[in-house]
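Student: One file is attached below, model-v9.tsv, containing TSV, C-alpha atoms.
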```tsv
chain	number	residue	atom	x	y	z
C	97	MET	CA	131.60	69.78	100.53
C	98	GLU	CA	128.11	68.72	99.38
C	99	SER	CA	126.53	71.37	101.60
C	100	PHE	CA	128.87	73.97	100.16
C	101	SER	CA	128.11	72.93	96.59
C	102	LEU	CA	124.40	73.24	97.30
C	103	ILE	CA	124.67	76.73	98.78
C	104	LEU	CA	126.86	77.86	95.91
C	105	ALA	CA	124.28	76.60	93.41
C	106	ILE	CA	121.56	78.44	95.35
C	107	VAL	CA	123.62	81.64	95.22
C	108	VAL	CA	124.15	81.38	91.45
C	109	ILE	CA	120.43	80.71	90.81
C	110	THR	CA	119.42	83.60	93.11
C	111	ALA	CA	121.91	85.90	91.37
C	112	LEU	CA	120.39	85.06	87.99
C	113	ALA	CA	116.93	85.68	89.47
C	114	PHE	CA	118.11	89.12	90.55
C	115	ASP	CA	119.48	89.69	87.03
C	116	PHE	CA	116.05	88.79	85.66
C	117	THR	CA	114.35	91.35	87.94
C	118	ASN	CA	117.02	93.87	86.94
C	119	GLY	CA	116.04	93.31	83.30
C	120	PHE	CA	112.32	94.02	83.64
C	121	HIS	CA	112.93	96.71	86.26
C	122	ASP	CA	115.22	98.65	83.90
C	123	THR	CA	113.53	98.07	80.53
C	124	ALA	CA	112.12	101.57	80.94
C	125	ASN	CA	115.61	103.04	80.88
C	126	ALA	CA	116.06	102.11	77.24
C	127	MET	CA	112.57	102.03	75.83
C	128	ALA	CA	110.16	104.22	77.83
C	129	THR	CA	110.63	107.34	75.70
C	130	THR	CA	110.62	105.34	72.45
C	131	ILE	CA	107.31	103.73	73.39
C	132	SER	CA	105.72	106.94	74.71
C	133	THR	CA	106.44	108.89	71.50
C	134	GLY	CA	105.27	106.05	69.28
C	135	ALA	CA	108.65	105.47	67.62
C	136	LEU	CA	108.30	101.72	68.24
C	137	LYS	CA	105.47	99.39	69.21
C	138	PRO	CA	105.83	98.22	72.83
C	139	LYS	CA	106.53	94.54	72.07
C	140	VAL	CA	108.99	95.36	69.29
C	141	ALA	CA	110.78	97.80	71.59
C	142	VAL	CA	111.34	95.31	74.42
C	143	ALA	CA	112.46	92.58	72.00
C	144	MET	CA	115.05	94.91	70.50
C	145	SER	CA	116.21	96.00	73.95
C	146	ALA	CA	116.55	92.40	75.15
C	147	THR	CA	118.74	91.45	72.18
C	148	LEU	CA	121.07	94.41	72.61
C	149	ASN	CA	121.31	93.84	76.37
C	150	LEU	CA	122.67	90.38	75.63
C	151	VAL	CA	125.19	91.73	73.13
C	152	GLY	CA	126.30	94.45	75.56
C	153	ALA	CA	127.04	91.90	78.26
C	154	PHE	CA	130.03	90.64	76.24
C	155	LEU	CA	131.64	94.03	75.57
C	156	SER	CA	133.36	94.71	78.91
C	157	VAL	CA	134.04	93.31	82.39
C	158	GLU	CA	135.26	96.47	84.12
C	159	VAL	CA	132.10	96.98	86.19
C	160	ALA	CA	132.03	93.27	87.09
C	161	ASN	CA	135.56	93.61	88.44
C	162	THR	CA	134.52	96.62	90.54
C	163	ILE	CA	131.88	94.44	92.22
C	164	SER	CA	133.91	91.23	92.57
C	165	LYS	CA	137.30	92.71	93.44
C	166	GLY	CA	136.87	96.23	94.79
C	167	LEU	CA	133.78	96.88	96.90
C	168	VAL	CA	134.24	94.32	99.69
C	169	ASP	CA	137.05	92.17	101.02
C	170	GLU	CA	136.84	88.82	99.25
C	171	SER	CA	138.59	86.97	102.08
C	172	GLY	CA	135.82	87.72	104.57
C	173	ILE	CA	132.89	86.69	102.37
C	174	ARG	CA	130.97	83.41	102.49
C	175	PRO	CA	128.42	82.28	99.87
C	176	GLU	CA	125.66	82.77	102.46
C	177	VAL	CA	126.59	86.45	102.70
C	178	ILE	CA	126.12	86.91	98.97
C	179	PHE	CA	122.80	85.05	99.11
C	180	ALA	CA	121.60	87.42	101.85
C	181	ALA	CA	122.71	90.41	99.76
C	182	LEU	CA	120.71	89.17	96.79
C	183	VAL	CA	117.60	88.75	98.92
C	184	GLY	CA	117.74	92.44	99.87
C	185	ALA	CA	118.28	93.50	96.26
C	186	ILE	CA	115.50	91.35	94.79
C	187	LEU	CA	112.88	92.44	97.31
C	188	TRP	CA	113.68	96.13	96.80
C	189	ASN	CA	113.46	95.70	93.02
C	190	LEU	CA	110.06	94.03	93.30
C	191	VAL	CA	108.62	96.57	95.73
C	192	THR	CA	109.64	99.56	93.60
C	193	TRP	CA	108.41	97.79	90.46
C	194	LEU	CA	105.03	97.23	92.12
C	195	VAL	CA	104.59	100.96	92.78
C	196	GLY	CA	106.09	101.92	89.39
C	197	LEU	CA	109.12	103.81	90.69
C	198	PRO	CA	112.34	103.72	88.65
C	199	SER	CA	114.85	103.08	91.43
C	200	SER	CA	118.36	101.73	90.96
C	201	SER	CA	118.81	97.95	90.72
C	202	SER	CA	122.56	98.57	90.92
C	203	HIS	CA	122.32	100.36	94.24
C	204	ALA	CA	119.91	97.73	95.55
C	205	LEU	CA	122.51	95.07	94.81
C	206	MET	CA	125.37	97.02	96.33
C	207	GLY	CA	123.27	98.01	99.34
C	208	GLY	CA	122.39	94.38	99.99
C	209	LEU	CA	126.03	93.36	99.63
C	210	ILE	CA	127.25	96.08	101.98
C	211	GLY	CA	124.63	95.29	104.62
C	212	ALA	CA	125.24	91.54	104.52
C	213	THR	CA	129.02	92.01	104.58
C	214	ILE	CA	128.90	94.32	107.59
C	215	ALA	CA	126.61	91.88	109.43
C	216	SER	CA	129.04	89.04	108.68
C	217	ALA	CA	132.53	90.56	108.88
C	218	GLY	CA	132.14	94.10	110.23
C	219	THR	CA	132.56	97.51	108.64
C	220	GLY	CA	136.25	96.89	107.93
C	221	ALA	CA	135.32	94.41	105.19
C	222	VAL	CA	133.76	97.20	103.09
C	223	HIS	CA	136.19	99.31	101.07
C	224	GLY	CA	134.91	102.79	101.79
C	225	ASP	CA	137.08	104.52	99.19
C	226	VAL	CA	135.66	102.37	96.39
C	227	LEU	CA	132.12	102.91	97.72
C	228	VAL	CA	132.54	106.68	97.62
C	229	THR	CA	134.48	107.12	94.37
C	230	LYS	CA	132.85	104.44	92.20
C	231	VAL	CA	129.33	104.24	93.63
C	232	LEU	CA	128.15	107.28	95.62
C	233	LEU	CA	129.77	110.09	93.62
C	234	PRO	CA	128.60	108.67	90.26
C	235	ALA	CA	125.11	108.31	91.76
C	236	ILE	CA	125.02	112.05	92.42
C	237	ALA	CA	126.81	113.15	89.27
C	238	ALA	CA	125.08	110.91	86.72
C	239	PRO	CA	121.56	112.43	86.75
C	240	ILE	CA	122.96	115.96	86.85
C	241	VAL	CA	125.38	115.44	83.95
C	242	ALA	CA	122.84	113.49	81.90
C	243	GLY	CA	120.12	116.05	82.65
C	244	ILE	CA	122.20	119.04	81.57
C	245	ALA	CA	123.37	117.22	78.45
C	246	ALA	CA	119.78	116.26	77.54
C	247	MET	CA	118.48	119.80	78.10
C	248	LEU	CA	121.14	121.27	75.81
C	249	ALA	CA	120.65	118.48	73.24
C	250	THR	CA	116.89	119.11	73.26
C	251	ARG	CA	117.33	122.80	72.54
C	252	PHE	CA	119.81	121.99	69.78
C	253	SER	CA	117.41	119.43	68.28
C	254	TYR	CA	114.56	121.93	68.10
C	255	ALA	CA	116.84	124.58	66.62
C	256	LEU	CA	118.05	122.09	64.04
C	257	SER	CA	114.53	121.11	63.01
C	258	ARG	CA	113.07	124.63	63.07
C	259	ASP	CA	113.03	124.98	59.27
C	260	ALA	CA	111.87	121.43	58.61
C	261	GLY	CA	108.23	120.48	58.28
C	262	GLY	CA	106.59	119.27	61.48
C	263	LYS	CA	105.76	115.76	60.27
C	264	ALA	CA	109.11	115.34	58.51
C	265	ALA	CA	111.01	116.43	61.62
C	266	ASP	CA	109.01	114.11	63.86
C	267	LYS	CA	109.61	111.19	61.51
C	268	GLY	CA	113.34	111.86	61.39
C	269	PHE	CA	113.68	112.11	65.14
C	270	ARG	CA	111.62	108.94	65.64
C	271	VAL	CA	114.15	107.10	63.49
C	272	GLY	CA	116.89	108.70	65.57
C	273	GLN	CA	115.10	107.55	68.72
C	274	ILE	CA	115.20	103.95	67.58
C	275	ALA	CA	118.97	104.17	67.06
C	276	SER	CA	119.56	105.96	70.37
C	277	ALA	CA	117.29	103.48	72.23
C	278	GLY	CA	119.40	100.67	70.83
C	279	LEU	CA	122.50	102.44	72.09
C	280	VAL	CA	121.01	102.76	75.58
C	281	SER	CA	120.13	99.04	75.57
C	282	LEU	CA	123.67	98.17	74.52
C	283	ALA	CA	125.05	100.44	77.24
C	284	HIS	CA	122.71	98.86	79.80
C	285	GLY	CA	124.10	95.44	78.96
C	286	THR	CA	127.68	96.67	79.39
C	287	ASN	CA	126.84	98.08	82.83
C	288	ASP	CA	124.00	96.27	84.59
C	289	ALA	CA	124.53	92.72	83.33
C	290	GLN	CA	128.08	92.96	84.63
C	291	LYS	CA	126.91	93.54	88.19
C	292	THR	CA	125.45	90.04	88.32
C	293	MET	CA	128.62	88.70	86.71
C	294	GLY	CA	130.57	90.36	89.51
C	295	ILE	CA	128.33	88.90	92.21
C	296	ILE	CA	128.55	85.35	90.80
C	297	THR	CA	132.32	85.69	90.41
C	298	LEU	CA	132.59	86.88	94.01
C	299	ALA	CA	130.57	83.84	95.14
C	300	LEU	CA	132.83	81.49	93.17
C	301	VAL	CA	135.91	83.08	94.74
C	302	ALA	CA	134.35	82.91	98.20
C	303	GLY	CA	133.56	79.23	97.65
C	304	GLY	CA	137.03	78.38	96.42
C	305	SER	CA	135.93	77.59	92.87
C	306	LEU	CA	137.90	80.52	91.44
C	307	ALA	CA	141.22	82.07	92.38
C	308	PRO	CA	141.09	85.57	93.89
C	309	ASP	CA	141.23	88.45	91.39
C	310	SER	CA	139.83	86.25	88.60
C	311	ASP	CA	137.78	87.71	85.76
C	312	PRO	CA	134.25	86.31	85.21
C	313	PRO	CA	134.28	82.97	83.36
C	314	THR	CA	132.57	82.79	79.97
C	315	TRP	CA	129.63	80.77	81.30
C	316	VAL	CA	129.00	83.47	83.90
C	317	ILE	CA	128.99	86.20	81.24
C	318	LEU	CA	126.62	84.20	79.02
C	319	SER	CA	124.17	83.25	81.78
C	320	ALA	CA	124.05	86.80	83.17
C	321	GLY	CA	123.48	88.21	79.69
C	322	LEU	CA	120.66	85.75	78.98
C	323	ALA	CA	118.98	86.38	82.34
C	324	ILE	CA	118.89	90.18	81.94
C	325	ALA	CA	117.75	89.82	78.31
C	326	MET	CA	114.84	87.56	79.34
C	327	GLY	CA	113.81	90.00	82.06
C	328	THR	CA	113.99	92.88	79.60
C	329	TYR	CA	111.73	91.07	77.14
C	330	ILE	CA	109.10	90.53	79.85
C	331	GLY	CA	108.86	94.33	80.04
C	332	GLY	CA	108.56	96.31	83.27
C	333	TRP	CA	105.43	98.07	82.05
C	334	ARG	CA	104.68	99.85	85.33
C	335	ILE	CA	108.02	101.65	85.31
C	336	ILE	CA	107.86	102.23	81.55
C	337	ARG	CA	104.59	104.09	82.16
C	338	THR	CA	106.18	106.30	84.83
C	339	MET	CA	109.29	107.08	82.78
C	340	GLY	CA	107.47	107.60	79.50
C	341	LYS	CA	104.33	109.45	80.60
C	342	GLY	CA	104.35	110.05	84.34
C	343	LEU	CA	107.52	112.15	84.59
C	344	THR	CA	107.02	114.49	81.62
C	345	ASP	CA	105.42	114.56	78.18
C	346	LEU	CA	108.03	113.97	75.49
C	347	GLN	CA	108.07	114.74	71.80
C	348	PRO	CA	110.37	112.82	69.40
C	349	GLN	CA	113.06	115.52	69.55
C	350	GLN	CA	113.14	115.27	73.34
C	351	GLY	CA	113.15	111.48	73.33
C	352	PHE	CA	116.10	111.40	70.96
C	353	ALA	CA	118.04	113.93	73.05
C	354	ALA	CA	117.29	112.12	76.32
C	355	GLN	CA	118.36	108.69	75.09
C	356	THR	CA	121.50	109.89	73.34
C	357	SER	CA	122.66	111.80	76.42
C	358	ALA	CA	121.97	108.88	78.75
C	359	ALA	CA	123.76	106.40	76.48
C	360	ALA	CA	126.86	108.60	76.36
C	361	VAL	CA	127.01	108.86	80.15
C	362	ILE	CA	126.43	105.11	80.70
C	363	LEU	CA	129.02	104.00	78.13
C	364	ALA	CA	131.62	106.38	79.54
C	365	SER	CA	131.04	105.07	83.06
C	366	SER	CA	131.26	101.44	81.92
C	367	HIS	CA	134.59	102.14	80.21
C	368	ILE	CA	136.18	103.47	83.41
C	369	GLY	CA	134.55	100.91	85.71
C	370	PHE	CA	132.03	103.10	87.54
C	371	SER	CA	129.12	101.04	88.85
C	372	LEU	CA	126.66	103.62	87.58
C	373	SER	CA	122.91	103.48	87.99
C	374	THR	CA	121.42	103.51	84.52
C	375	THR	CA	118.13	104.50	86.14
C	376	HIS	CA	119.67	107.66	87.56
C	377	ALA	CA	121.25	108.57	84.23
C	378	VAL	CA	118.11	107.98	82.16
C	379	SER	CA	115.76	109.65	84.67
C	380	GLY	CA	118.02	112.69	84.77
C	381	SER	CA	118.12	112.87	80.98
C	382	VAL	CA	114.32	112.57	80.72
C	383	MET	CA	113.85	115.46	83.17
C	384	GLY	CA	116.49	117.50	81.33
C	385	ALA	CA	114.71	116.88	78.04
C	386	GLY	CA	111.42	117.92	79.61
C	387	LEU	CA	112.92	121.22	80.73
C	388	GLY	CA	114.76	121.72	77.44
C	389	ARG	CA	111.58	122.24	75.37
C	390	LYS	CA	109.96	125.65	75.55
C	391	GLY	CA	106.76	125.18	77.52
C	392	GLY	CA	107.85	121.71	78.66
C	393	VAL	CA	107.21	120.66	82.23
C	394	VAL	CA	108.36	118.04	84.70
C	395	ARG	CA	105.83	116.49	87.06
C	396	TRP	CA	107.72	117.22	90.23
C	397	SER	CA	105.35	115.18	92.42
C	398	THR	CA	106.43	112.06	90.53
C	399	ALA	CA	110.06	113.20	90.50
C	400	THR	CA	109.98	113.73	94.29
C	401	ARG	CA	108.71	110.20	94.90
C	402	MET	CA	111.46	108.95	92.64
C	403	PHE	CA	114.15	110.93	94.50
C	404	VAL	CA	112.92	109.51	97.82
C	405	ALA	CA	113.18	105.97	96.41
C	406	TRP	CA	116.74	106.71	95.23
C	407	GLY	CA	117.73	107.85	98.71
C	408	LEU	CA	116.18	104.82	100.38
C	409	THR	CA	117.60	102.19	98.01
C	410	LEU	CA	121.05	101.65	99.54
C	411	PRO	CA	119.99	101.70	103.23
C	412	ALA	CA	116.79	99.70	102.70
C	413	ALA	CA	118.52	96.93	100.72
C	414	ALA	CA	121.41	96.99	103.21
C	415	LEU	CA	119.02	96.53	106.14
C	416	VAL	CA	117.25	93.58	104.52
C	417	GLY	CA	120.61	92.08	103.52
C	418	ALA	CA	121.93	92.40	107.07
C	419	LEU	CA	118.81	90.81	108.57
C	420	ALA	CA	118.91	87.98	106.05
C	421	GLU	CA	122.60	87.37	106.83
C	422	SER	CA	121.81	87.21	110.55
C	423	VAL	CA	119.29	84.45	109.86
C	424	THR	CA	121.51	82.49	107.44
C	425	ASP	CA	124.27	82.61	110.06
C	426	LEU	CA	122.15	80.25	112.16
C	427	GLY	CA	122.91	77.35	109.82
C	428	ASP	CA	121.34	75.47	106.94
C	429	TRP	CA	117.85	75.79	108.36
C	430	GLY	CA	118.33	79.56	108.59
C	431	THR	CA	119.32	79.71	104.92
C	432	ALA	CA	116.27	77.61	104.03
C	433	LEU	CA	114.06	79.97	106.05
C	434	VAL	CA	115.39	83.01	104.17
C	435	ALA	CA	114.84	81.23	100.85
C	436	VAL	CA	111.23	80.44	101.77
C	437	PHE	CA	110.70	84.05	102.85
C	438	LEU	CA	112.09	85.32	99.53
C	439	VAL	CA	109.83	83.07	97.47
C	440	ALA	CA	106.74	83.85	99.55
C	441	SER	CA	107.36	87.62	99.48
C	442	SER	CA	107.99	87.61	95.74
C	443	THR	CA	104.80	85.66	95.13
C	444	GLY	CA	102.81	88.03	97.33
C	445	ILE	CA	104.10	91.08	95.45
C	446	TRP	CA	103.23	89.49	92.11
C	447	LEU	CA	99.68	88.72	93.31
C	448	LEU	CA	99.27	92.35	94.43
C	449	SER	CA	100.35	93.51	90.98
C	450	ARG	CA	97.50	91.52	89.39
C	451	ARG	CA	94.93	93.81	91.03
C	452	GLN	CA	95.77	96.55	88.53
C	453	VAL	CA	97.47	95.14	85.47
C	454	VAL	CA	99.78	97.33	83.40
C	455	ASP	CA	100.94	95.80	80.12
C	456	ALA	CA	101.74	96.64	76.52
C	457	SER	CA	98.09	97.45	75.77
C	458	ASN	CA	97.72	100.25	78.33
C	459	VAL	CA	101.28	101.35	79.08
C	460	ASN	CA	100.75	104.81	77.52
C	461	GLU	CA	97.57	105.50	79.48
C	462	ILE	CA	98.10	107.59	82.59
C	463	ASP	CA	95.85	109.72	84.74
C	464	GLU	CA	98.25	112.05	86.51
C	465	ALA	CA	96.40	114.68	88.54
C	466	ALA	CA	97.63	118.24	88.24
C	467	GLY	CA	99.88	119.35	91.07
C	468	VAL	CA	99.13	122.23	93.46
C	469	VAL	CA	101.44	124.64	91.62
C	470	THR	CA	99.98	123.82	88.20
C	471	THR	CA	96.43	124.24	89.51
C	472	ALA	CA	97.23	127.59	91.13
C	473	ILE	CA	98.83	128.95	87.96
C	474	ALA	CA	95.86	127.86	85.88
C	475	ALA	CA	93.47	129.61	88.28
C	476	VAL	CA	95.12	133.04	87.97
C	477	THR	CA	96.14	132.89	84.30
C	478	PRO	CA	93.66	134.70	82.01
C	479	PRO	CA	92.37	132.65	79.09
C	480	PRO	CA	93.45	133.46	75.53
C	481	PRO	CA	91.44	136.33	73.91
C	482	SER	CA	89.53	134.00	71.57
C	483	VAL	CA	88.43	131.85	74.48
C	484	ALA	CA	87.48	134.88	76.58
C	485	LEU	CA	85.46	136.38	73.71
C	486	SER	CA	83.55	133.19	73.04
C	487	GLU	CA	82.79	132.74	76.72
C	488	GLY	CA	81.59	136.37	76.97
C	489	LEU	CA	79.28	136.01	74.00
C	490	THR	CA	77.87	132.84	75.43
C	491	ALA	CA	77.15	134.61	78.70
C	492	THR	CA	75.37	137.65	77.12
C	493	ILE	CA	73.34	136.04	74.33
C	494	PRO	CA	70.36	134.14	75.72
C	495	SER	CA	69.79	130.64	74.54
C	496	PRO	CA	66.93	130.26	72.06
C	497	VAL	CA	63.71	128.87	73.47
C	498	PRO	CA	62.89	125.59	71.77
C	499	ALA	CA	59.68	125.72	69.77
C	500	THR	CA	56.82	123.46	70.75
C	501	LYS	CA	53.49	122.52	69.20
C	502	ALA	CA	51.63	124.70	71.76
C	503	ASP	CA	53.66	127.75	70.77
C	504	PRO	CA	51.94	129.71	67.90
C	505	ALA	CA	55.30	131.16	66.85
C	506	ALA	CA	56.46	127.69	65.98
C	507	THR	CA	54.19	127.65	62.95
C	508	VAL	CA	55.20	131.09	61.62
```
Please re-express this file's structure in structure tokens.

Tutor:
Amino acid sequence: MESFSLILAIVVITALAFDFTNGFHDTANAMATTISTGALKPKVAVAMSATLNLVGAFLSVEVANTISKGLVDESGIRPEVIFAALVGAILWNLVTWLVGLPSSSSHALMGGLIGATIASAGTGAVHGDVLVTKVLLPAIAAPIVAGIAAMLATRFSYALSRDAGGKAADKGFRVGQIASAGLVSLAHGTNDAQKTMGIITLALVAGGSLAPDSDPPTWVILSAGLAIAMGTYIGGWRIIRTMGKGLTDLQPQQGFAAQTSAAAVILASSHIGFSLSTTHAVSGSVMGAGLGRKGGVVRWSTATRMFVAWGLTLPAAALVGALAESVTDLGDWGTALVAVFLVASSTGIWLLSRRQVVDASNVNEIDEAAGVVTTAIAAVTPPPPSVALSEGLTATIPSPVPATKADPAATV
């Protein structure tokens, strides 16, 4: 019983550590566009997002129930399995944070859980219908729906502000961005904080501390909400830079449209219990907003790296979760070995991140090289007439010879 109590405590602490990484990994979802357009100062933005994440954690438990009751068979799960799942999720979050890629913390968690469950109890312990209908299909649909909505909303926003003065329109949409960013933060709390609630509840059921089919206890809701809020306040500046500046260049109208569209998609999914990736929804809306402005562009090299990370998230976290479960299955010393590996790997990733620091002071600075397509178009596109004329005059009119003391003309 003492050994079980210890492993259960380790699982709860590790779950809250994952929730913390989820917070700073996904801060960009709510605040990247607000920071990049200058609607809010970086520190103010993350503080606001952290507060609303905490509030959102108390609004619903539908997604938590999807994790704790629907995805895997509770009867075949041990606390060690959940610990192994969390190891896979945390390491994937940290690796993608290090390289500044906005991947899905939700899919990392579910991938780790699926891999560890299969390693422990076989494929029959995973409910495939729930995986497809409430995880995989929303993962595909969310960025598409959010992207189309953001593109249309962007065009509508520009049409609406066409007759308004430029500065007045920008100011109005910046105010709108603050409100929509708050809505995204609230939606993030209703969706992502619940995933940790679901994992902790599943561990409590597996350990016999809760009856099967129980809702998350109040202390679980509060601790998960606080953990994700603290992580959000730390600020995942690397991913904020990618989302705000590396994917496309946004104006206030686009930022408002992107955040409003993403918030609508996330809140709708939370209401019906879809374990949606907020990263997928927000990334899709940012790209849609980039395409919605006339002359707007999306940096497809960055988007391609992001898509690859999305595709790798579930299998990579599942593989690490399965390997970790195989080691924990060896006994207490195996669990201790996995814990040491997790701490050492996390520390190593953090030390690597110190080589090139990204924080609130330089989050909007980015040096994104032009892609092959952009360079080719620029090479064959003639310059504007004014530029061509000035260049032609420069080429035909010789530069004046500077006068010197030895030159008699200098004294005339």

Student: Write out as a tab-separated table a residue-level contact list of range 129-216 of chain C versus range 420-431 of chain C with cut-off 9 Å: for each qualifying residue the closest pair of atoms and the distance in Å to one decimal, counting all atoms listed in the file, rows sorted by chain and residue number upward.

Tutor:
```
residue	atom	partner	partner_atom	distance
C:Glu176	CA	C:Thr424	CA	6.5
C:Val177	CA	C:Glu421	CA	5.8
C:Ile178	CA	C:Glu421	CA	8.6
C:Phe179	CA	C:Glu421	CA	8.1
C:Ala180	CA	C:Ala420	CA	5.0
C:Ala181	CA	C:Glu421	CA	7.7
C:Val183	CA	C:Ala420	CA	7.3
C:Gly184	CA	C:Ala420	CA	7.7
C:Gly211	CA	C:Glu421	CA	8.5
C:Ala212	CA	C:Glu421	CA	5.4
C:Thr213	CA	C:Glu421	CA	8.2
C:Ala215	CA	C:Glu421	CA	6.6
C:Ser216	CA	C:Glu421	CA	6.9
```

Student: Out of C:Thr328, C:Ser281, C:Ser319, C:Thr297, which residue has the shortest atom-to-atom distance to Ala360 in chain C when counting all atoms listed in the file?

Tutor: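 The closest residue to Ala360 in chain C is C:Ser281.
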
Student: One decimal, Å: what's the distance from CA of Ala221 in chain C over to CA of Ile186 in chain C, could you say?

Tutor: 22.6 Å

Student: Determine, counting only C-alpha atoms, which protein, DNA and RNA residues have an atom within 8 Å of an atom of Val280 in chain C; residues of the same chain fewer than 2 positions away are not included. Present the result as a compact mmCIF listing (two decimals) with C-alpha atoms, in the coordinates of the input.

Tutor:
```txt
# COMPACT_ATOMS: atom_id res chain seq x y z
CA ASN C 125 115.61 103.04 80.88
CA ALA C 126 116.06 102.11 77.24
CA SER C 276 119.56 105.96 70.37
CA ALA C 277 117.29 103.48 72.23
CA GLY C 278 119.40 100.67 70.83
CA LEU C 282 123.67 98.17 74.52
CA ALA C 283 125.05 100.44 77.24
CA HIS C 284 122.71 98.86 79.80
CA GLN C 355 118.36 108.69 75.09
CA THR C 356 121.50 109.89 73.34
CA ALA C 358 121.97 108.88 78.75
CA ALA C 359 123.76 106.40 76.48
CA ILE C 362 126.43 105.11 80.70
```

Student: Neighbours of Thr147 in chain C within 9 Å (only C-alpha atoms; same-chain residues fewer than 2 positions away dropped), as a list in words?

Tutor: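 Within the cut-off, the hits are Val142, Ala143, Met144, Ser145, Asn149, Leu150, Val151, Gly152, Ser281, Leu282, Ala325, Thr328 and Tyr329 of chain C.
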
Student: Which of these residues is nearest to Thr375 in chain C, using only C-alpha atoms: C:Ala413, C:Leu300, C:Ala242, C:Leu448?

Tutor: C:Ala242

Student: Tell me, as a list in words, which residues lie within 12 Å of Val301 in chain C, counting only C-alpha atoms; anything in the same chain fewer than 3 positions away does not count.

Tutor: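 Within the cut-off, the hits are Leu104, Ser164, Lys165, Asp169, Glu170, Ser171, Gly172, Ile173, Arg174, Pro175, Ile178, Gly294, Ile295, Ile296, Thr297, Leu298, Gly304, Ser305, Leu306, Ala307, Pro308, Asp309, Ser310, Asp311, Pro312 and Pro313 of chain C.
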
Student: Which of these, C:Gly220, C:Met383, C:Ala399, C:Leu194, has the shortest distance to Phe120 in chain C once you count only C-alpha atoms?

Tutor: C:Leu194

Student: Assuming 6 Å of padding per side, give the centre and edge lengths of the axis-aligned box around every listed atom of range 301-307 of chain C, in Å to one decimal and as JSON.

Tutor:
```
{"center_x": 137.4, "center_y": 80.3, "center_z": 94.8, "size_x": 19.7, "size_y": 17.5, "size_z": 18.8}
```

Student: Residues within 9 Å of Ser199 in chain C, please, as a list in words. Count all atoms listed in the file; anything in the same chain fewer than 4 positions from it doesn't count.

Tutor: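 Listing them by chain and then by number gives His121, Asp122, Trp188, Asn189, Thr192, Trp193, His203, Ala204, Ser373, Thr375, His376, Met402, Phe403, Ala405, Trp406 and Thr409 of chain C.
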
Student: What does the structure give for the distance between CA of Tyr254 in chain C and CA of Phe352 in chain C, in Å to one decimal?

Tutor: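 Separation of CA of Tyr254 in chain C and CA of Phe352 in chain C: 11.0 Å.
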
Student: By how many Å are CA of Ala435 in chain C and CA of Thr292 in chain C apart?

Tutor: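 Taking CA of Ala435 in chain C as the start and CA of Thr292 in chain C as the end point, the length is 18.6 Å.
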
Student: May I have the residues within 8 Å of Thr130 in chain C as a list in words, using all atoms listed in the file and disregarding those fewer than 2 positions away in the same chain?

Tutor: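 So, after excluding close chain neighbours, the residues are Ala126, Met127, Ala128, Ser132, Thr133, Gly134, Ala135, Leu136, Ala141, Arg270, Gln273, Ile274, Ala277 and Gly351 of chain C.
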
Student: So which one's closest to Leu209 in chain C, C:Ala364, C:Ala323, C:Val195, C:Val168? Using all atoms listed in the file, please.

Tutor: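 Of C:Ala364, C:Ala323, C:Val195, C:Val168, the one nearest Leu209 in chain C, counting all atoms listed in the file, is C:Val168.
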
Student: Name the closest residue to Pro234 in chain C among the candidates C:Gln347, C:Ala353, C:Met293, C:Ser202; distances are taken between atoms, counting only C-alpha atoms.

Tutor: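 Looking at the shortest contact to Pro234 in chain C, the residue is C:Ser202.
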
Student: Ranking C:Ala217, C:Ile103, C:Gly321, C:Gln290 by minimum distance to Ala432 in chain C and counting all atoms listed in the file, which one comes first?

Tutor: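 Closest to Ala432 in chain C of all the choices is C:Ile103.
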